[in-house]
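Dumped query.txt below, it's compact mmCIF, C-alpha atoms:
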# COMPACT_ATOMS: atom_id res chain seq x y z
CA MET G 1 46.71 180.29 -78.27
CA LYS G 2 44.14 178.08 -76.62
CA ARG G 3 43.66 174.76 -78.38
CA ARG G 4 40.46 173.92 -80.18
CA GLU G 5 38.14 171.10 -79.22
CA PHE G 6 35.95 169.01 -81.47
CA ILE G 7 32.51 167.85 -80.53
CA LYS G 8 32.05 164.09 -80.94
CA GLY G 9 30.63 163.37 -84.37
CA SER G 10 32.08 166.43 -86.10
CA ALA G 11 32.98 165.75 -89.71
CA ILE G 12 35.75 168.36 -89.88
CA VAL G 13 39.01 166.96 -91.27
CA GLY G 14 42.20 168.69 -92.31
CA ALA G 15 45.29 168.35 -94.50
CA THR G 16 48.32 166.07 -94.21
CA LEU G 17 51.84 167.04 -93.22
CA ALA G 18 54.27 167.33 -96.14
CA THR G 19 57.97 166.50 -96.09
CA PRO G 20 59.64 169.74 -97.21
CA THR G 21 61.88 169.66 -100.29
CA ILE G 22 65.14 171.54 -99.66
CA LEU G 23 66.50 173.29 -102.74
CA GLY G 24 70.21 173.08 -103.51
CA ASN G 25 70.58 176.72 -104.52
CA SER G 26 68.72 179.71 -103.14
CA GLY G 27 67.12 182.62 -105.01
CA ILE G 28 66.18 184.39 -101.76
CA ILE G 29 68.29 187.24 -100.44
CA PRO G 30 68.09 186.83 -96.62
CA SER G 31 66.48 189.86 -94.98
CA GLY G 32 67.69 189.19 -91.45
CA ASN G 33 64.19 189.58 -90.04
CA GLY G 34 62.26 187.02 -92.06
CA ARG G 35 59.59 184.71 -90.68
CA LYS G 36 60.37 181.03 -90.21
CA VAL G 37 58.21 178.34 -91.80
CA TYR G 38 56.53 176.26 -89.09
CA ARG G 39 55.36 173.46 -91.38
CA ILE G 40 54.14 172.69 -94.89
CA LEU G 41 50.87 170.80 -95.48
CA ASN G 42 49.35 169.02 -98.47
CA ALA G 43 45.74 169.95 -99.25
CA GLN G 44 43.44 166.92 -99.40
CA ARG G 45 40.78 166.18 -102.01
CA SER G 46 37.20 166.04 -100.75
CA MET G 47 33.61 166.59 -101.88
CA VAL G 48 31.14 169.20 -100.66
CA GLY G 49 27.75 168.35 -102.06
CA THR G 50 28.45 167.72 -105.75
CA LEU G 51 31.48 170.05 -105.74
CA PRO G 52 35.08 168.71 -105.69
CA VAL G 53 37.39 170.66 -103.38
CA LEU G 54 40.97 170.74 -102.13
CA ARG G 55 40.96 171.22 -98.36
CA ALA G 56 44.00 172.95 -96.87
CA PHE G 57 42.75 172.90 -93.28
CA ALA G 58 39.47 172.58 -91.44
CA GLY G 59 39.43 173.31 -87.73
CA ASP G 60 43.01 172.15 -87.23
CA GLN G 61 46.26 174.21 -87.19
CA THR G 62 44.38 176.88 -85.22
CA ASP G 63 47.49 178.25 -83.52
CA HIS G 64 48.98 179.21 -86.89
CA VAL G 65 45.96 180.12 -89.06
CA SER G 66 43.64 182.01 -86.66
CA PRO G 67 41.58 184.15 -87.31
CA TYR G 68 40.94 181.77 -90.26
CA VAL G 69 39.53 178.36 -89.40
CA PHE G 70 38.69 176.56 -92.66
CA PHE G 71 40.09 176.66 -96.21
CA ASP G 72 38.74 175.05 -99.41
CA GLU G 73 39.77 175.59 -103.02
CA PHE G 74 36.89 174.59 -105.29
CA GLY G 75 37.71 173.52 -108.81
CA PRO G 76 39.02 174.28 -111.29
CA VAL G 77 36.15 172.34 -112.85
CA LYS G 78 34.99 172.59 -116.46
CA VAL G 79 31.23 173.15 -116.59
CA ASN G 80 29.39 172.41 -119.83
CA ALA G 81 26.63 174.76 -120.95
CA GLY G 82 23.24 173.44 -119.86
CA ALA G 83 24.74 170.96 -117.38
CA LYS G 84 23.13 170.39 -114.00
CA PRO G 85 24.62 172.96 -111.57
CA LEU G 86 27.31 171.92 -109.10
CA ARG G 87 25.53 172.57 -105.85
CA VAL G 88 25.73 172.61 -102.07
CA ASP G 89 22.18 172.47 -100.71
CA ALA G 90 20.94 174.83 -98.00
CA HIS G 91 22.95 174.48 -94.80
CA PRO G 92 23.43 176.59 -91.65
CA HIS G 93 26.40 178.51 -90.25
CA ALA G 94 26.95 180.26 -86.94
CA GLY G 95 29.90 181.99 -85.29
CA ILE G 96 31.93 182.39 -88.49
CA ILE G 97 32.21 184.41 -91.71
CA PRO G 98 32.35 182.11 -94.74
CA THR G 99 34.01 184.09 -97.55
CA THR G 100 33.89 183.22 -101.25
CA TYR G 101 36.36 184.53 -103.85
CA PHE G 102 36.16 183.67 -107.55
CA LEU G 103 39.12 183.22 -109.87
CA ASN G 104 36.91 182.01 -112.73
CA GLY G 105 33.24 181.36 -113.39
CA THR G 106 30.09 182.45 -111.61
CA GLY G 107 28.14 181.38 -108.55
CA HIS G 108 24.57 181.62 -107.31
CA HIS G 109 24.03 182.42 -103.63
CA LYS G 110 20.67 182.32 -101.85
CA ASP G 111 20.14 182.61 -98.09
CA SER G 112 17.61 182.92 -95.28
CA LEU G 113 18.30 186.68 -95.11
CA ASN G 114 16.36 187.10 -98.40
CA TYR G 115 19.47 187.56 -100.55
CA ASP G 116 19.46 185.85 -103.93
CA PHE G 117 22.20 186.92 -106.36
CA GLN G 118 24.89 185.94 -108.85
CA ILE G 119 28.59 186.49 -108.15
CA GLY G 120 31.54 186.08 -110.48
CA LYS G 121 35.23 186.46 -111.27
CA GLY G 122 37.01 188.82 -108.90
CA ASP G 123 34.06 189.16 -106.51
CA PHE G 124 34.43 188.63 -102.76
CA MET G 125 31.41 187.60 -100.71
CA MET G 126 31.16 187.60 -96.91
CA PHE G 127 28.37 185.64 -95.22
CA THR G 128 28.59 186.90 -91.65
CA SER G 129 26.62 184.17 -89.93
CA GLY G 130 26.80 185.51 -86.34
CA LYS G 131 24.00 183.91 -84.32
CA GLY G 132 22.97 181.76 -87.27
CA ALA G 133 21.68 181.76 -90.84
CA ILE G 134 21.25 179.38 -93.79
CA HIS G 135 22.58 179.60 -97.35
CA MET G 136 22.68 177.60 -100.57
CA GLU G 137 25.52 177.73 -103.13
CA GLU G 138 25.75 176.51 -106.72
CA THR G 139 27.33 177.33 -110.06
CA GLY G 140 25.85 180.48 -111.56
CA LYS G 141 23.60 181.35 -114.48
CA LYS G 142 26.38 182.53 -116.81
CA LEU G 143 28.14 179.18 -116.46
CA TYR G 144 24.84 177.40 -117.12
CA ASP G 145 24.25 179.48 -120.25
CA GLU G 146 27.78 179.55 -121.65
CA GLY G 147 29.85 176.91 -119.83
CA GLY G 148 33.43 177.50 -118.69
CA LEU G 149 35.73 177.06 -115.72
CA TYR G 150 34.48 177.21 -112.14
CA HIS G 151 37.31 178.01 -109.74
CA GLY G 152 37.70 179.84 -106.47
CA PHE G 153 37.94 179.65 -102.70
CA GLN G 154 35.66 179.33 -99.73
CA ILE G 155 37.59 180.33 -96.65
CA TRP G 156 36.04 180.80 -93.23
CA LEU G 157 37.00 183.58 -90.85
CA ASN G 158 36.34 182.78 -87.23
CA MET G 159 34.58 185.46 -85.18
CA PRO G 160 35.73 186.65 -81.73
CA ALA G 161 33.50 185.63 -78.83
CA LYS G 162 32.11 189.16 -78.49
CA TYR G 163 30.73 188.99 -82.05
CA LYS G 164 29.42 185.41 -82.10
CA TYR G 165 25.82 186.52 -81.59
CA VAL G 166 25.61 189.54 -83.90
CA ASP G 167 22.77 189.59 -86.42
CA PRO G 168 23.73 187.75 -89.62
CA ALA G 169 24.50 189.73 -92.78
CA THR G 170 25.53 189.12 -96.40
CA ASP G 171 27.86 191.43 -98.33
CA VAL G 172 29.27 191.22 -101.86
CA HIS G 173 32.33 193.31 -102.68
CA ARG G 174 33.35 193.99 -106.26
CA GLU G 175 36.89 194.64 -107.45
CA ASP G 176 36.58 198.40 -107.02
CA LYS G 177 36.76 197.78 -103.24
CA MET G 178 40.12 196.01 -103.59
CA ASP G 179 43.35 197.90 -104.10
CA GLU G 180 46.07 196.45 -106.36
CA ILE G 181 49.82 196.73 -106.75
CA LYS G 182 51.38 196.00 -110.15
CA THR G 183 55.10 195.85 -110.89
CA ASP G 184 57.27 194.19 -113.53
CA GLY G 185 57.87 191.28 -111.15
CA TYR G 186 54.56 190.72 -109.39
CA SER G 187 51.01 191.88 -108.71
CA ILE G 188 49.15 191.93 -105.39
CA LYS G 189 45.38 192.23 -105.13
CA VAL G 190 44.45 193.35 -101.61
CA VAL G 191 41.15 191.64 -100.83
CA LEU G 192 41.37 192.36 -97.08
CA GLY G 193 43.85 194.42 -95.07
CA GLU G 194 46.74 196.46 -96.38
CA VAL G 195 50.29 195.96 -97.66
CA LEU G 196 53.02 198.12 -99.22
CA GLY G 197 50.76 201.18 -99.25
CA ALA G 198 47.76 199.45 -100.85
CA LYS G 199 44.60 199.03 -98.77
CA SER G 200 41.29 197.22 -99.19
CA LYS G 201 38.06 199.15 -98.64
CA VAL G 202 36.33 196.03 -97.28
CA ASP G 203 35.64 196.55 -93.58
CA LEU G 204 36.12 193.85 -90.95
CA LEU G 205 35.31 193.68 -87.24
CA PHE G 206 38.87 192.51 -86.43
CA PRO G 207 42.35 192.61 -88.06
CA ALA G 208 42.87 190.14 -90.92
CA PHE G 209 44.48 190.18 -94.35
CA TYR G 210 43.86 188.34 -97.62
CA PHE G 211 46.21 188.94 -100.58
CA HIS G 212 45.99 187.38 -104.06
CA ILE G 213 49.53 187.44 -105.48
CA LYS G 214 50.96 186.60 -108.89
CA MET G 215 54.75 186.34 -109.29
CA ASN G 216 56.45 186.44 -112.68
CA PRO G 217 59.39 184.09 -113.42
CA GLY G 218 62.45 185.15 -111.46
CA ALA G 219 60.50 187.37 -109.05
CA ARG G 220 61.63 187.99 -105.48
CA LEU G 221 59.11 189.43 -103.04
CA ASP G 222 59.51 190.34 -99.36
CA ILE G 223 56.07 190.87 -97.86
CA PRO G 224 55.79 192.83 -94.58
CA THR G 225 53.34 191.63 -91.94
CA ASP G 226 52.63 192.42 -88.31
CA ALA G 227 55.06 190.19 -86.39
CA THR G 228 52.38 189.41 -83.78
CA HIS G 229 49.90 188.18 -86.41
CA ASN G 230 49.58 184.76 -88.01
CA ALA G 231 50.41 184.31 -91.69
CA PHE G 232 50.20 181.43 -94.17
CA ILE G 233 50.60 180.90 -97.92
CA TYR G 234 48.48 178.67 -100.14
CA LEU G 235 50.09 178.02 -103.52
CA ILE G 236 47.52 177.90 -106.33
CA SER G 237 49.97 177.14 -109.15
CA GLY G 238 53.69 177.12 -109.92
CA THR G 239 56.49 176.60 -107.40
CA MET G 240 58.07 178.89 -104.82
CA GLU G 241 61.12 179.04 -102.64
CA LEU G 242 60.58 180.02 -99.02
CA GLU G 243 63.04 180.69 -96.21
CA GLY G 244 65.53 177.95 -95.46
CA ARG G 245 65.53 176.97 -99.19
CA LYS G 246 62.21 175.15 -98.63
CA GLN G 247 60.19 174.49 -101.78
CA LEU G 248 56.42 175.06 -101.88
CA LYS G 249 54.44 173.22 -104.54
CA ALA G 250 50.94 173.75 -105.93
CA ASN G 251 48.12 172.85 -103.51
CA GLN G 252 50.39 173.08 -100.48
CA VAL G 253 50.06 175.50 -97.57
CA ALA G 254 53.00 176.96 -95.65
CA LEU G 255 52.31 177.98 -92.06
CA TYR G 256 54.60 180.61 -90.53
CA GLU G 257 55.78 181.22 -87.01
CA ARG G 258 55.10 184.57 -85.38
CA GLY G 259 57.82 186.87 -84.09
CA GLU G 260 59.26 188.38 -87.30
CA SER G 261 57.78 190.62 -89.97
CA LEU G 262 58.93 189.80 -93.49
CA ILE G 263 57.84 186.80 -95.53
CA ASN G 264 60.69 186.15 -97.99
CA THR G 265 59.71 184.48 -101.28
CA PHE G 266 61.21 183.70 -104.69
CA SER G 267 59.74 181.99 -107.75
CA GLU G 268 62.03 180.83 -110.54
CA GLY G 269 59.23 179.82 -112.90
CA GLY G 270 56.36 182.01 -111.70
CA ALA G 271 53.61 181.38 -109.16
CA GLU G 272 50.07 182.30 -108.12
CA LEU G 273 49.22 182.25 -104.43
CA LEU G 274 47.09 183.50 -101.59
CA LEU G 275 48.70 185.00 -98.49
CA LEU G 276 46.37 185.24 -95.52
CA GLY G 277 46.51 185.84 -91.78
CA GLY G 278 45.67 188.27 -89.04
CA GLN G 279 45.48 188.77 -85.31
CA PRO G 280 45.10 185.35 -83.62
CA PHE G 281 42.28 184.87 -81.12
CA ASN G 282 43.35 183.68 -77.69
CA GLU G 283 40.00 181.91 -77.26
CA PRO G 284 38.90 178.26 -77.19
CA VAL G 285 37.37 176.99 -80.43
CA TYR G 286 34.59 174.41 -80.40
CA ALA G 287 33.52 173.21 -83.85
CA TYR G 288 30.71 171.02 -85.09
CA GLY G 289 30.31 170.98 -88.85
CA PRO G 290 29.26 174.50 -89.93
CA PHE G 291 29.11 175.86 -86.35
CA VAL G 292 32.23 177.35 -84.72
CA MET G 293 31.79 178.66 -81.20
CA ASN G 294 33.68 178.95 -77.88
CA THR G 295 31.94 176.33 -75.74
CA GLU G 296 30.14 173.04 -76.19
CA GLU G 297 27.00 174.60 -74.71
CA GLU G 298 27.02 177.23 -77.47
CA ILE G 299 27.31 174.48 -80.09
CA ARG G 300 24.30 172.71 -78.61
CA LYS G 301 22.36 175.98 -78.70
CA CYS G 302 23.24 176.37 -82.40
CA ILE G 303 21.92 172.89 -83.13
CA MET G 304 18.69 173.64 -81.24
CA ASP G 305 18.25 177.00 -82.96
CA TYR G 306 18.67 175.37 -86.37
CA ASN G 307 16.32 172.48 -85.58
CA THR G 308 13.62 174.86 -84.29
CA GLY G 309 13.79 177.10 -87.38
CA LYS G 310 15.42 180.15 -85.79
CA MET G 311 18.08 180.23 -88.53
CA GLY G 312 15.56 179.96 -91.35
CA ASP G 313 13.88 177.28 -93.45
CA PRO G 314 16.25 175.22 -95.67
CA LYS G 315 13.33 174.18 -97.90
CA VAL G 316 12.65 177.82 -98.75
CA VAL G 317 16.33 178.54 -99.40
CA ASN G 318 16.62 175.50 -101.66
CA GLN G 319 13.70 176.59 -103.88
Would you kindly transcribe this structure into structure tokens?
Amino acid sequence: MKRREFIKGSAIVGATLATPTILGNSGIIPSGNGRKVYRILNAQRSMVGTLPVLRAFAGDQTDHVSPYVFFDEFGPVKVNAGAKPLRVDAHPHAGIIPTTYFLNGTGHHKDSLNYDFQIGKGDFMMFTSGKGAIHMEETGKKLYDEGGLYHGFQIWLNMPAKYKYVDPATDVHREDKMDEIKTDGYSIKVVLGEVLGAKSKVDLLFPAFYFHIKMNPGARLDIPTDATHNAFIYLISGTMELEGRKQLKANQVALYERGESLINTFSEGGAELLLLGGQPFNEPVYAYGPFVMNTEEEIRKCIMDYNTGKMGDPKVVNQ
């Protein structure tokens, strides 16, 4: 993997390294071909507009999270009926695919591509920014009318160099596009990719996977992956045991080494998690705020395109 570079002045920051807790007894049955944990990170609290987030990584850890490049959990936040929406004003993106996935609540998305819609629990939105576009995000109408919890994820997929300048597009995928596995011990919702015979109907330009997993108390789960692909776990709630008797706690991310297939997990008390990864890009990554490209010159072009209105008018999107 080629290392990423940051343009001077970029506000991207990442998580902190955690000291792993080693459990005395193991609930994992060694598979013999399990992946090794590279490191465990603590997500850091931050603010995006008026929205509190937990940031697992942002432009760092590229060698172990590519094709993903940025990971925020927003909420859970209780929203009172009639309260001013939690909002991120109109802002540009280029070279990436910001994805949004809701666990609870509703959101309102509006962009410079003339999309203006509500999304909610279980929905998966992909804002393929390509050569550049603008969007605004805020809590949705149902939350404004009824109140409730607002909770989900915005996770950015990087785009390979050959797709950086495609025309931007917005797609919303409902749960009927996502396959699901249910057993007595666990459930797996396949948002992207495929696993254990279940396959998402959401198309991507490059190989990546995104699994929402719930483990019941006492569940063991060995998850097959392509040994040449990256993989990482973000623990939403509960606790888990990983290989080497390492403990993963809520709001931590475990990065895995490549070279083996199975991800061996066990949860004594139950857990909810995301498992993501895919084919890593062997390309340089230059990042400046919402722009992720392959060279500094491309970043400067993004800034010029935004400033000259080629990505759209933020005042119009904010209306």
With only C-alpha atoms as the atoms that count, which of G:Asn294, G:Thr99, G:Thr62, G:Asn80 lies nearest to Ala231 of chain G?
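Once distances to Ala231 of chain G are computed over only C-alpha atoms, the minimum belongs to G:Thr62.
Using only C-alpha atoms, the smallest distance between any of G:Ala169, G:Leu221, G:Asn230, G:Pro85 and Leu242 of chain G comes from G:Leu221.
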Best match for closeness to Pro280 of chain G among G:Thr50, G:Ser129, G:Ser187, G:Thr228, counting only C-alpha atoms
G:Thr228
Name the residues in contact with segment 211-216 of chain G at a cut-off of 8 Å, using only C-alpha atoms, excluding same-chain residues fewer than 3 positions from it; report them as number ranges by chain.
G: 184-192, 219, 267, 269-276
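Using only C-alpha atoms, the nearest neighbour of Glu257 of chain G within the list G:Val65, G:Val79, G:Arg45, G:Ile155 is G:Val65.
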So, counting all atoms listed in the file, which residue among G:Ile40, G:Met159, G:Val69, G:Ile28 is closest to Asn264 of chain G?
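Ranking G:Ile40, G:Met159, G:Val69, G:Ile28 by distance to Asn264 of chain G, first place goes to G:Ile28.
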Could you pull the residues within 12 Å of Asp305 of chain G, counting all atoms listed in the file, minus those fewer than 2 positions along the same chain, as a list of chain:residue names?
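My reading of the contact set: G:Pro92, G:His93, G:Ala94, G:Lys131, G:Gly132, G:Ala133, G:Ile134, G:Phe291, G:Glu298, G:Ile299, G:Arg300, G:Lys301, G:Cys302, G:Ile303, G:Asn307, G:Thr308, G:Gly309, G:Lys310, G:Met311, G:Gly312, G:Asp313.
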In Å, rounded to a single decimal, give me how far atom CA of Phe70 of chain G is from atom CA of Met47 of chain G.
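A separation of 14.5 Å between them.
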Edge lengths and centre, in Å to one decimal, as lines of an AutoDock Vina configuration file: that's what I need for the box along x, y and z that holds all listed atoms of segment 128-142 of chain G plus 8 Å on each side.
center_x = 24.9
center_y = 181.7
center_z = -100.6
size_x = 23.3
size_y = 26.4
size_z = 48.5
Rounded to one decimal place, report the atom CA of Gly218 of chain G-atom CA of Ala250 of chain G distance in Å.
17.1 Å
Please identify all polymer residues within 12 Å of Thr139 of chain G, counting all atoms listed in the file, omitting same-chain residues fewer than 3 positions from it, and present them as a ChimeraX atom specification.
/G:50-51,74-75,77-89,102,104-110,117-120,136,142-152
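In this model, the gap between atom CA of Ile263 of chain G and atom CA of Ile233 of chain G comes to 9.6 Å.
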If you count all atoms listed in the file, which residues fall within 7 Å of Arg174 of chain G, apart from same-chain ones fewer than 5 positions away, as a ChimeraX atom specification?
/G:122-124
With all atoms listed in the file as the counted atoms, please give the residues lying no more than 7 Å from Asp171 of chain G, apart from itself and same-chain residues fewer than 5 positions off, as an MDAnalysis selection string.
chainID G and resid 125:127
Can those selected residues be exported to a file as a PDB file, keeping the file's coordinate frame so that it contains C-alpha atoms?
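Below you can see selection02.pdb, which holds the result:
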ATOM      1  CA  MET G 125      31.410 187.600-100.710  1.00  0.00           C
ATOM      2  CA  MET G 126      31.160 187.600 -96.910  1.00  0.00           C
ATOM      3  CA  PHE G 127      28.370 185.640 -95.220  1.00  0.00           C
TER       4      PHE G 127
END
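Nearest residue to Glu283 of chain G among G:Thr265, G:Thr239, G:Gln319, G:Asn158 is G:Asn158, counting only C-alpha atoms.
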